[in-house]
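See structure below.
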Amino acid sequence: MADTVGFIGLGPMGMPMATNLSKAGVPLAVYDASATAAQVARGLAGVDVAPSPKAVAERAAVVFTCLPNDDIVRAVYLGPDGVAAGGKAGLVTCDCSTVSPEATLDVHRALAAGRISHMDTPMLGSQPQAVAGEIFFIVGGDAANMAKIEPYLKIMGKLHMYVGPPATGNRIKLMHNGLAAVISVAVAEALATCVKAG
């Protein structure tokens, strides 16, 4: 794993994920809009803090992103200083964000024009799992890219599952979130009934 890996989005999930890659000896080029996060990243071994997503893509063979919402994902990938502007043919990008299938497909189509492969790799787990390297990645996109990204998924997580073509990972993650919400409501109703029953 001598190739440089890019990581964009060093928030509560992204920072521990990047930290685990650094601890495993993976050379990293990273970017975050927060100067504070960038400063923390400078303290990690083997990390080069880049000035933009474009600069990360220029330096990396694989790029991971962990971002808050559709608009930011589109801007980071497709904006003037975005991944698409800096990535070369053969780059594989992996978006770990929980975003809409539509946003994923927009990015996938735009990057494909430059022969960049985009994978949706949303996560099951929260910050404790990110810190412990125990994330479960749900992976959508071209299965041919799995061999290239699996070594990094195994560093950041304990499980990953390939589920189908582009945006399938996002769709399954959203179904999971919906199911979890329904179960939470059912548990709350059951507890309320239990209290009323004495």
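By order in the structure tokens, chains are A, B, ...; within a chain, residues start at 1; ligands start at 1, following the order shown.
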
Practice task
Identify all residues of region 10-140 of chain A in strand (DSSP E or B) (DSSP on the backbone) and supply them as number ranges by chain.
Solution key: A: 28-31, 47-49, 62-65, 92-95, 117-120, 123-124, 135-140

Practice task
For Gly157 (chain A), list every protein, DNA or RNA residue within 7 Å, evaluated using only C-alpha atoms, and leave out those in the same chain fewer than 5 positions away; present the list as a VMD selection string.
Solution key: chain A and resid 133 to 136

Practice task
Can you work out the spacing between CA of Asp95 (chain A) and CA of Pro80 (chain A) in Å, to one decimal?
Solution key: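 Rounded to one decimal, the two atoms are 18.6 Å apart.
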
Exercise for the section: Using DSSP on the backbone coordinates, identify all residues within chain A classified as alpha helix (DSSP H); present the result as a PyMOL selection string. Expected result: chain A and resi 14-23+35-42+53-59+70-78+83-86+101-112+127-132+146-156+168-196

Problem - For Gln129 (chain A), the nearest of the candidates A:Met156, A:Leu111, A:Cys94, A:Ile8, counting only C-alpha atoms - result: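 For Gln129 (chain A), the nearest of the given residues is A:Met156.
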